[in-house]
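Below is one structure, written out as structure tokens; comments come after it.
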Amino acid sequence: MSRTLSGPMVAHLAQSAHTRARMLRLDLLDGSSIGITTHDRPILFDLGDGAIVYSPETGIMPGAVSLSIGFDTDNYEVSGPIADTVTLDAILGRRFNRARARLFEVNWKSLTAGAIKLMAGNVGEARIEGGKFVLAIRNDLDRYNQTVGRILTPMCDADLGDARCTASFVSVDAVVTAATDAMRFTASFTGSYADDFFNAGKVVFTSGALAGTPAMEIHDWSAGGAIVTFMSLADVPAIGDTLSVRQGCPKTRTACRDTFGNALNFRGFPEVPGSDQVLKSQVPGDASA
């Protein structure tokens, strides 16, 4: 990210008094963008890919920006009260996770002077802490912290239906008919599926406010279409919203063999002893130990 400053901005910084405001642009995975500023009035600003309004209504409390040299990760935290812009359901429903984030400052008295670009990256963590939201932003070098390779576990590490699994699974289109909250709603669908059939599966919304948000795991499914998700959705589903309900897999060898007839592609290692077996010690008088 280029941090070259314009001539007017350099001249402004040389003065003894500054009129700068910190700005944060979030481009969410669902295609929407949110602008936040520490200024006390809305600011319309174009960072180069379209102007958006940066709102002061979130009441954000910016933390210190940690910038480093080399391959260490730059990081920045912003927090604020739960409100209309950043809601509790949006945080718990992972709407802000992996959102593209760009932090910069402007001279609010002379927006044509351009921006002081401080940091670009992604929201690595969005959480609730002490009754307020906290967005932990990390720069692009954080991607090097991901796990490369496979981890040996008794459970299958493939995703149901992907190229390593290849199994076919049931997916039905549904329409929301009632909603209790962001975790409990009822949907109508075609066909007949027993209680618990879609447990450990996923719901993916295709219309409404939840379209484009991450898929959410199903905790409980009833034959009548009542769904309880494992975690809160980003918003309460609205009547008429459409979604796809997808079958899940417990990722065990038994399920792979008996439910999907796909034991040949099972990717777990149940025979590899875990740490409980490695650390097991002999118990006097116990022949099974």
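Labels for the structure tokens follow display order: chains A, B, ..., residues from 1 in each chain, ligands from 1.
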
A:Val86 surroundings by only C-alpha atoms, 12 Å radius, close-in-sequence under 3 positions cut, as a ChimeraX atom specification:
/A:26,34-36,55,57-60,78-83,89-96,126-128,132-135,234-235

Could you give me, as number ranges by chain, the residues within 10 Å of A:Phe205, counting only C-alpha atoms and dropping anything in the same chain fewer than 5 positions from it?
A: 173-176, 210-216, 237, 241-245

Could those selected residues go to a file with N, CA and C atoms, as a PDB file, in the first residue's frame?
```
ATOM      1  N   ASP A 173     -34.353 -26.175  -1.333  1.00  0.00           N
ATOM      2  CA  ASP A 173     -34.679 -24.755  -1.287  1.00  0.00           C
ATOM      3  C   ASP A 173     -35.846 -24.543  -0.341  1.00  0.00           C
ATOM      4  N   ALA A 174     -35.781 -23.493   0.443  1.00  0.00           N
ATOM      5  CA  ALA A 174     -36.808 -23.235   1.444  1.00  0.00           C
ATOM      6  C   ALA A 174     -37.112 -21.749   1.517  1.00  0.00           C
ATOM      7  N   VAL A 175     -38.242 -21.425   2.157  1.00  0.00           N
ATOM      8  CA  VAL A 175     -38.671 -20.037   2.337  1.00  0.00           C
ATOM      9  C   VAL A 175     -39.056 -19.838   3.803  1.00  0.00           C
ATOM     10  N   VAL A 176     -38.550 -18.787   4.409  1.00  0.00           N
ATOM     11  CA  VAL A 176     -38.843 -18.504   5.816  1.00  0.00           C
ATOM     12  C   VAL A 176     -40.324 -18.150   5.979  1.00  0.00           C
ATOM     13  N   LEU A 210     -29.890 -11.301   4.778  1.00  0.00           N
ATOM     14  CA  LEU A 210     -28.866 -12.292   5.100  1.00  0.00           C
ATOM     15  C   LEU A 210     -28.181 -12.863   3.863  1.00  0.00           C
ATOM     16  N   ALA A 211     -28.610 -12.466   2.684  1.00  0.00           N
ATOM     17  CA  ALA A 211     -27.973 -12.949   1.458  1.00  0.00           C
ATOM     18  C   ALA A 211     -26.516 -12.499   1.424  1.00  0.00           C
ATOM     19  N   GLY A 212     -25.609 -13.415   1.145  1.00  0.00           N
ATOM     20  CA  GLY A 212     -24.196 -13.093   1.092  1.00  0.00           C
ATOM     21  C   GLY A 212     -23.453 -13.276   2.399  1.00  0.00           C
ATOM     22  N   THR A 213     -24.173 -13.540   3.502  1.00  0.00           N
ATOM     23  CA  THR A 213     -23.511 -13.782   4.775  1.00  0.00           C
ATOM     24  C   THR A 213     -23.004 -15.218   4.816  1.00  0.00           C
ATOM     25  N   PRO A 214     -22.025 -15.517   5.689  1.00  0.00           N
ATOM     26  CA  PRO A 214     -21.476 -16.878   5.733  1.00  0.00           C
ATOM     27  C   PRO A 214     -22.541 -17.928   6.064  1.00  0.00           C
ATOM     28  N   ALA A 215     -22.340 -19.128   5.540  1.00  0.00           N
ATOM     29  CA  ALA A 215     -23.239 -20.239   5.858  1.00  0.00           C
ATOM     30  C   ALA A 215     -23.186 -20.507   7.360  1.00  0.00           C
ATOM     31  N   MET A 216     -24.321 -20.887   7.931  1.00  0.00           N
ATOM     32  CA  MET A 216     -24.388 -21.146   9.364  1.00  0.00           C
ATOM     33  C   MET A 216     -24.771 -22.597   9.623  1.00  0.00           C
ATOM     34  N   PRO A 237     -34.039 -13.518  10.432  1.00  0.00           N
ATOM     35  CA  PRO A 237     -34.606 -13.772   9.102  1.00  0.00           C
ATOM     36  C   PRO A 237     -35.988 -13.140   8.961  1.00  0.00           C
ATOM     37  N   ASP A 241     -37.837 -14.602   3.087  1.00  0.00           N
ATOM     38  CA  ASP A 241     -36.436 -14.798   2.711  1.00  0.00           C
ATOM     39  C   ASP A 241     -36.246 -16.227   2.189  1.00  0.00           C
ATOM     40  N   THR A 242     -35.479 -16.378   1.136  1.00  0.00           N
ATOM     41  CA  THR A 242     -35.210 -17.707   0.590  1.00  0.00           C
ATOM     42  C   THR A 242     -33.839 -18.190   1.056  1.00  0.00           C
ATOM     43  N   LEU A 243     -33.710 -19.496   1.164  1.00  0.00           N
ATOM     44  CA  LEU A 243     -32.464 -20.087   1.637  1.00  0.00           C
ATOM     45  C   LEU A 243     -32.317 -21.498   1.111  1.00  0.00           C
ATOM     46  N   SER A 244     -31.094 -21.994   1.226  1.00  0.00           N
ATOM     47  CA  SER A 244     -30.795 -23.375   0.876  1.00  0.00           C
ATOM     48  C   SER A 244     -30.430 -24.107   2.155  1.00  0.00           C
ATOM     49  N   VAL A 245     -31.072 -25.258   2.373  1.00  0.00           N
ATOM     50  CA  VAL A 245     -30.785 -26.083   3.552  1.00  0.00           C
ATOM     51  C   VAL A 245     -30.000 -27.299   3.077  1.00  0.00           C
TER      52      VAL A 245
END
```

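If you measure from each of A:Arg164, A:Lys109, A:His219, A:Arg138 to A:Phe266 using only C-alpha atoms, the closest one turns out to be A:Arg164.
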
One number please: atom CA of A:Arg267 to atom CA of A:Ala158, in Å, one decimal.
6.4 Å

Going by DSSP on the backbone, which residues of stretch 28-272 of chain A come out as strand (DSSP E or B)? List them as a PyMOL selection string.
chain A and resi 33-37+43-46+51-55+61-62+66+75-81+100-107+115-129+132-139+171-179+184-189+202-205+216-221+226-229+242-246

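Excluding stretch 102-106 of chain A and any residue on its chain fewer than 6 positions from it, the residues at most 9 Å away by only C-alpha atoms are Met9, Thr19, Arg20, Ala21, Arg22, Met23, Leu24, Arg25, Leu26, Asp27, Tyr76, Ala113, Gly114, Ala115, Ile116, Lys117, Leu118, Met119, Ala120, Gly121 and Asn122 of chain A.
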
Next, the residues of the selection above should be written as a short mmCIF file (atom, residue, chain, number, x, y, z; two decimals), in the first residue's frame with all heavy atoms.
```
data_model
loop_
_atom_site.label_atom_id
_atom_site.label_comp_id
_atom_site.auth_asym_id
_atom_site.auth_seq_id
_atom_site.Cartn_x
_atom_site.Cartn_y
_atom_site.Cartn_z
N MET A 9 -1.30 17.94 1.74
CA MET A 9 -1.32 17.22 3.02
C MET A 9 0.00 17.42 3.75
O MET A 9 0.02 17.59 4.98
CB MET A 9 -1.58 15.74 2.78
CG MET A 9 -1.64 14.92 4.07
SD MET A 9 -2.96 15.45 5.21
CE MET A 9 -4.42 14.79 4.37
N THR A 19 -6.30 19.50 11.56
CA THR A 19 -7.76 19.20 11.55
C THR A 19 -7.96 17.85 10.86
O THR A 19 -8.58 17.76 9.81
CB THR A 19 -8.54 20.30 10.81
OG1 THR A 19 -7.95 20.50 9.50
CG2 THR A 19 -8.50 21.60 11.58
N ARG A 20 -7.40 16.82 11.48
CA ARG A 20 -7.47 15.48 10.89
C ARG A 20 -8.54 14.64 11.56
O ARG A 20 -8.83 14.82 12.75
CB ARG A 20 -6.12 14.77 11.01
CG ARG A 20 -5.05 15.29 10.06
CD ARG A 20 -3.75 14.54 10.26
NE ARG A 20 -3.16 14.83 11.55
CZ ARG A 20 -2.31 14.02 12.19
NH1 ARG A 20 -2.01 12.85 11.66
NH2 ARG A 20 -1.79 14.37 13.34
N ALA A 21 -9.09 13.73 10.80
CA ALA A 21 -10.06 12.77 11.31
C ALA A 21 -9.64 11.39 10.85
O ALA A 21 -9.22 11.20 9.71
CB ALA A 21 -11.47 13.10 10.81
N ARG A 22 -9.76 10.42 11.72
CA ARG A 22 -9.44 9.04 11.35
C ARG A 22 -10.65 8.39 10.71
O ARG A 22 -11.79 8.56 11.17
CB ARG A 22 -8.99 8.26 12.58
CG ARG A 22 -8.52 6.84 12.27
CD ARG A 22 -7.69 6.26 13.39
NE ARG A 22 -6.40 6.95 13.48
CZ ARG A 22 -5.43 6.60 14.34
NH1 ARG A 22 -5.62 5.60 15.17
NH2 ARG A 22 -4.29 7.26 14.36
N MET A 23 -10.41 7.62 9.66
CA MET A 23 -11.48 7.01 8.88
C MET A 23 -11.20 5.50 8.74
O MET A 23 -10.05 5.08 8.59
CB MET A 23 -11.55 7.63 7.49
CG MET A 23 -11.46 9.15 7.47
SD MET A 23 -13.04 9.97 7.61
CE MET A 23 -13.52 9.98 5.88
N LEU A 24 -12.25 4.73 8.75
CA LEU A 24 -12.14 3.28 8.56
C LEU A 24 -13.20 2.84 7.56
O LEU A 24 -14.39 3.07 7.78
CB LEU A 24 -12.32 2.54 9.88
CG LEU A 24 -12.32 1.00 9.80
CD1 LEU A 24 -10.97 0.49 9.34
CD2 LEU A 24 -12.69 0.40 11.15
N ARG A 25 -12.76 2.22 6.46
CA ARG A 25 -13.70 1.68 5.47
C ARG A 25 -13.70 0.16 5.58
O ARG A 25 -12.64 -0.47 5.54
CB ARG A 25 -13.33 2.12 4.06
CG ARG A 25 -14.20 1.45 3.00
CD ARG A 25 -14.06 2.06 1.64
NE ARG A 25 -14.86 1.32 0.66
CZ ARG A 25 -15.35 1.83 -0.45
NH1 ARG A 25 -15.17 3.11 -0.73
NH2 ARG A 25 -16.06 1.09 -1.28
N LEU A 26 -14.89 -0.42 5.70
CA LEU A 26 -15.06 -1.87 5.76
C LEU A 26 -15.87 -2.33 4.55
O LEU A 26 -17.00 -1.88 4.36
CB LEU A 26 -15.78 -2.28 7.05
CG LEU A 26 -15.09 -1.92 8.36
CD1 LEU A 26 -16.02 -2.19 9.54
CD2 LEU A 26 -13.79 -2.70 8.53
N ASP A 27 -15.28 -3.19 3.74
CA ASP A 27 -15.98 -3.79 2.61
C ASP A 27 -16.31 -5.23 2.97
O ASP A 27 -15.41 -6.09 3.01
CB ASP A 27 -15.12 -3.73 1.34
CG ASP A 27 -14.82 -2.30 0.92
OD1 ASP A 27 -15.77 -1.50 0.84
OD2 ASP A 27 -13.64 -1.98 0.68
N TYR A 76 -4.53 -3.44 14.41
CA TYR A 76 -5.26 -2.27 14.86
C TYR A 76 -6.60 -2.74 15.40
O TYR A 76 -7.21 -3.67 14.86
CB TYR A 76 -5.48 -1.31 13.68
CG TYR A 76 -6.41 -0.15 13.94
CD1 TYR A 76 -6.04 0.90 14.77
CD2 TYR A 76 -7.67 -0.09 13.35
CE1 TYR A 76 -6.89 1.97 15.00
CE2 TYR A 76 -8.53 0.98 13.56
CZ TYR A 76 -8.13 2.02 14.39
OH TYR A 76 -8.98 3.07 14.61
N ALA A 113 -7.16 17.30 -0.24
CA ALA A 113 -5.75 17.07 0.05
C ALA A 113 -5.41 15.59 0.03
O ALA A 113 -4.23 15.21 0.10
CB ALA A 113 -5.37 17.68 1.40
N GLY A 114 -6.43 14.72 -0.04
CA GLY A 114 -6.17 13.29 -0.11
C GLY A 114 -6.12 12.64 1.26
O GLY A 114 -6.51 13.23 2.27
N ALA A 115 -5.63 11.41 1.28
CA ALA A 115 -5.66 10.61 2.50
C ALA A 115 -4.25 10.25 2.96
O ALA A 115 -3.33 10.12 2.15
CB ALA A 115 -6.46 9.33 2.27
N ILE A 116 -4.11 10.10 4.26
CA ILE A 116 -2.91 9.52 4.85
C ILE A 116 -3.22 8.05 5.10
O ILE A 116 -3.94 7.70 6.04
CB ILE A 116 -2.54 10.21 6.18
CG1 ILE A 116 -2.38 11.71 5.99
CG2 ILE A 116 -1.28 9.60 6.76
CD1 ILE A 116 -2.16 12.47 7.29
N LYS A 117 -2.73 7.19 4.24
CA LYS A 117 -3.07 5.77 4.33
C LYS A 117 -2.20 5.11 5.40
O LYS A 117 -0.98 5.11 5.31
CB LYS A 117 -2.87 5.10 2.98
CG LYS A 117 -3.79 5.66 1.89
CD LYS A 117 -3.54 5.01 0.55
CE LYS A 117 -4.45 5.59 -0.53
NZ LYS A 117 -4.19 4.99 -1.86
N LEU A 118 -2.86 4.55 6.40
CA LEU A 118 -2.15 3.96 7.53
C LEU A 118 -2.01 2.45 7.42
O LEU A 118 -0.96 1.89 7.71
CB LEU A 118 -2.86 4.32 8.84
CG LEU A 118 -2.98 5.80 9.16
CD1 LEU A 118 -3.79 6.01 10.43
CD2 LEU A 118 -1.59 6.42 9.31
N MET A 119 -3.09 1.78 6.99
CA MET A 119 -3.06 0.33 7.04
C MET A 119 -4.18 -0.24 6.19
O MET A 119 -5.27 0.33 6.09
CB MET A 119 -3.21 -0.14 8.50
CG MET A 119 -3.25 -1.62 8.72
SD MET A 119 -3.44 -1.99 10.49
CE MET A 119 -3.97 -3.68 10.40
N ALA A 120 -3.91 -1.39 5.56
CA ALA A 120 -4.93 -2.12 4.81
C ALA A 120 -4.82 -3.59 5.18
O ALA A 120 -3.72 -4.13 5.32
CB ALA A 120 -4.75 -1.93 3.30
N GLY A 121 -5.96 -4.22 5.36
CA GLY A 121 -5.95 -5.62 5.74
C GLY A 121 -7.36 -6.17 5.81
O GLY A 121 -8.23 -5.76 5.04
N ASN A 122 -7.57 -7.07 6.76
CA ASN A 122 -8.87 -7.70 6.94
C ASN A 122 -9.22 -7.77 8.42
O ASN A 122 -8.33 -7.74 9.28
CB ASN A 122 -8.88 -9.11 6.35
CG ASN A 122 -8.70 -9.13 4.86
OD1 ASN A 122 -7.56 -9.13 4.36
ND2 ASN A 122 -9.79 -9.12 4.12
#
```

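A straight line drawn from atom CA of A:Gly124 to atom CA of A:Ala99 is 8.3 Å long.
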
Spatial neighbours of stretch 185-196 of chain A, 12 Å, only C-alpha atoms, chain gap at least 2 places, as a PyMOL selection string
chain A and resi 170-183+198-201+203+205+218-229+232-233+235-249

Generate a file of the selected residues that holds N, CA and C atoms, formatted as a CSV table (one decimal), in the first residue's frame.
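Result file follows (out.csv):
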```csv
chain,number,residue,atom,x,y,z
A,170,VAL,N,-28.0,-34.0,0.2
A,170,VAL,CA,-29.3,-33.5,-0.1
A,170,VAL,C,-29.2,-32.0,0.2
A,171,SER,N,-29.8,-31.2,-0.7
A,171,SER,CA,-29.9,-29.8,-0.6
A,171,SER,C,-31.3,-29.4,-1.0
A,172,VAL,N,-32.0,-28.6,-0.2
A,172,VAL,CA,-33.4,-28.2,-0.6
A,172,VAL,C,-33.5,-26.7,-0.5
A,173,ASP,N,-34.4,-26.2,-1.3
A,173,ASP,CA,-34.7,-24.8,-1.3
A,173,ASP,C,-35.8,-24.5,-0.3
A,174,ALA,N,-35.8,-23.5,0.4
A,174,ALA,CA,-36.8,-23.2,1.4
A,174,ALA,C,-37.1,-21.7,1.5
A,175,VAL,N,-38.2,-21.4,2.2
A,175,VAL,CA,-38.7,-20.0,2.3
A,175,VAL,C,-39.1,-19.8,3.8
A,176,VAL,N,-38.5,-18.8,4.4
A,176,VAL,CA,-38.8,-18.5,5.8
A,176,VAL,C,-40.3,-18.2,6.0
A,177,THR,N,-41.0,-18.8,6.9
A,177,THR,CA,-42.4,-18.6,7.2
A,177,THR,C,-42.6,-17.9,8.6
A,178,ALA,N,-41.7,-18.1,9.5
A,178,ALA,CA,-41.8,-17.5,10.8
A,178,ALA,C,-40.4,-17.4,11.4
A,179,ALA,N,-40.1,-16.4,12.3
A,179,ALA,CA,-38.8,-16.3,12.9
A,179,ALA,C,-39.0,-15.8,14.4
A,180,THR,N,-38.4,-16.5,15.3
A,180,THR,CA,-38.4,-16.2,16.7
A,180,THR,C,-37.3,-15.2,17.1
A,181,ASP,N,-36.1,-15.5,16.6
A,181,ASP,CA,-34.9,-14.6,16.8
A,181,ASP,C,-33.9,-15.0,15.8
A,182,ALA,N,-32.7,-14.5,16.0
A,182,ALA,CA,-31.6,-14.8,15.0
A,182,ALA,C,-31.1,-16.2,15.0
A,183,MET,N,-31.6,-17.0,15.9
A,183,MET,CA,-31.1,-18.4,15.9
A,183,MET,C,-32.3,-19.4,15.6
A,198,PHE,N,-31.1,-32.8,8.9
A,198,PHE,CA,-30.1,-31.8,8.5
A,198,PHE,C,-29.2,-31.3,9.6
A,199,ASN,N,-29.2,-32.0,10.8
A,199,ASN,CA,-28.3,-31.6,11.9
A,199,ASN,C,-26.9,-31.6,11.4
A,200,ALA,N,-26.1,-30.6,11.8
A,200,ALA,CA,-24.7,-30.5,11.4
A,200,ALA,C,-24.6,-30.0,10.0
A,201,GLY,N,-25.7,-29.8,9.3
A,201,GLY,CA,-25.7,-29.2,8.0
A,201,GLY,C,-25.6,-27.7,8.0
A,203,VAL,N,-27.3,-23.7,6.6
A,203,VAL,CA,-28.2,-22.9,5.9
A,203,VAL,C,-27.5,-21.8,5.2
A,205,PHE,N,-28.5,-18.3,3.0
A,205,PHE,CA,-29.6,-17.5,2.6
A,205,PHE,C,-29.2,-16.9,1.2
A,218,ILE,N,-26.4,-25.9,11.2
A,218,ILE,CA,-27.7,-26.2,11.8
A,218,ILE,C,-27.4,-27.0,13.1
A,219,HIS,N,-28.0,-26.6,14.2
A,219,HIS,CA,-27.9,-27.3,15.5
A,219,HIS,C,-29.0,-28.3,15.6
A,220,ASP,N,-30.2,-27.9,15.2
A,220,ASP,CA,-31.3,-28.8,15.3
A,220,ASP,C,-32.3,-28.6,14.2
A,221,TRP,N,-32.8,-29.7,13.6
A,221,TRP,CA,-33.8,-29.7,12.5
A,221,TRP,C,-35.0,-30.5,12.9
A,222,SER,N,-36.2,-30.0,12.7
A,222,SER,CA,-37.4,-30.8,12.9
A,222,SER,C,-38.1,-31.1,11.6
A,223,ALA,N,-38.8,-32.1,11.5
A,223,ALA,CA,-39.5,-32.5,10.3
A,223,ALA,C,-40.5,-31.4,9.8
A,224,GLY,N,-40.9,-30.6,10.7
A,224,GLY,CA,-41.9,-29.5,10.3
A,224,GLY,C,-41.2,-28.3,9.7
A,225,GLY,N,-39.8,-28.3,9.7
A,225,GLY,CA,-39.1,-27.2,9.1
A,225,GLY,C,-38.6,-26.2,10.2
A,226,ALA,N,-38.7,-26.5,11.5
A,226,ALA,CA,-38.2,-25.6,12.5
A,226,ALA,C,-36.7,-25.8,12.6
A,227,ILE,N,-35.9,-24.7,12.5
A,227,ILE,CA,-34.5,-24.7,12.4
A,227,ILE,C,-33.9,-23.9,13.6
A,228,VAL,N,-32.9,-24.5,14.3
A,228,VAL,CA,-32.1,-23.8,15.3
A,228,VAL,C,-30.7,-23.9,14.8
A,229,THR,N,-30.1,-22.7,14.7
A,229,THR,CA,-28.7,-22.6,14.2
A,229,THR,C,-27.7,-22.8,15.4
A,232,SER,N,-25.7,-17.5,16.4
A,232,SER,CA,-26.7,-16.4,15.9
A,232,SER,C,-26.4,-16.0,14.5
A,233,LEU,N,-27.4,-15.8,13.7
A,233,LEU,CA,-27.2,-15.3,12.3
A,233,LEU,C,-26.9,-13.8,12.4
A,235,ASP,N,-28.6,-11.4,11.3
A,235,ASP,CA,-29.8,-10.6,11.5
A,235,ASP,C,-31.0,-11.6,11.6
A,236,VAL,N,-32.1,-11.2,12.1
A,236,VAL,CA,-33.3,-12.0,12.2
A,236,VAL,C,-33.9,-12.3,10.8
A,237,PRO,N,-34.0,-13.5,10.4
A,237,PRO,CA,-34.6,-13.8,9.1
A,237,PRO,C,-36.0,-13.1,9.0
A,238,ALA,N,-36.3,-12.6,7.8
A,238,ALA,CA,-37.6,-12.0,7.5
A,238,ALA,C,-38.4,-13.0,6.8
A,239,ILE,N,-39.7,-13.0,7.0
A,239,ILE,CA,-40.7,-13.9,6.3
A,239,ILE,C,-40.6,-13.6,4.8
A,240,GLY,N,-40.4,-14.7,4.1
A,240,GLY,CA,-40.2,-14.6,2.6
A,240,GLY,C,-38.8,-14.7,2.2
A,241,ASP,N,-37.8,-14.6,3.1
A,241,ASP,CA,-36.4,-14.8,2.7
A,241,ASP,C,-36.2,-16.2,2.2
A,242,THR,N,-35.5,-16.4,1.1
A,242,THR,CA,-35.2,-17.7,0.6
A,242,THR,C,-33.8,-18.2,1.1
A,243,LEU,N,-33.7,-19.5,1.2
A,243,LEU,CA,-32.5,-20.1,1.6
A,243,LEU,C,-32.3,-21.5,1.1
A,244,SER,N,-31.1,-22.0,1.2
A,244,SER,CA,-30.8,-23.4,0.9
A,244,SER,C,-30.4,-24.1,2.2
A,245,VAL,N,-31.1,-25.3,2.4
A,245,VAL,CA,-30.8,-26.1,3.6
A,245,VAL,C,-30.0,-27.3,3.1
A,246,ARG,N,-28.8,-27.5,3.6
A,246,ARG,CA,-27.9,-28.5,3.1
A,246,ARG,C,-27.6,-29.5,4.2
A,247,GLN,N,-27.6,-30.8,3.7
A,247,GLN,CA,-27.3,-31.9,4.6
A,247,GLN,C,-25.8,-31.8,5.2
A,248,GLY,N,-25.7,-32.2,6.4
A,248,GLY,CA,-24.3,-32.2,7.0
A,248,GLY,C,-23.8,-33.6,7.2
A,249,CYS,N,-22.6,-33.6,7.7
A,249,CYS,CA,-21.9,-34.9,8.0
A,249,CYS,C,-21.1,-34.8,9.3
```

Tell me, which residues of stretch 177-265 of chain A carry DSSP alpha helix (DSSP H), written as a list of chain:residue names?
A:Arg253, A:Thr254, A:Ala255, A:Cys256, A:Arg257, A:Asp258

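Note that atom CA of A:Leu141 and atom CA of A:Thr85 are 28.2 Å apart.
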
Between A:Thr112, A:Asp142, A:Asp46, A:Pro56, single out the one closest to A:Pro8, counting only C-alpha atoms.
A:Thr112

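Counting only C-alpha atoms, A:Asn262 has the following residues at most 12 Å away, ignoring those fewer than 3 positions along the same chain: A:Cys156, A:Leu160, A:Gly161, A:Arg164, A:Cys165, A:Thr166, A:Ala167, A:Ser168, A:Phe169, A:Cys249, A:Lys251, A:Thr252, A:Arg253, A:Thr254, A:Ala255, A:Cys256, A:Arg257, A:Asp258, A:Thr259, A:Asn265, A:Phe266, A:Arg267.
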
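For the choices A:Glu271, A:Asp157, A:Glu77, A:Glu129, the atom-to-atom distance to A:Ala101 is smallest for A:Glu77 when using only C-alpha atoms.
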
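Nearest residue to A:Asn145 among A:Leu88, A:Ser275, A:Thr73, A:Arg100 is A:Thr73, counting only C-alpha atoms.
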
Hey, which of A:Arg184, A:Thr206, A:Phe269, A:Met231 ends up closest to A:Thr153? Count only C-alpha atoms.
A:Phe269
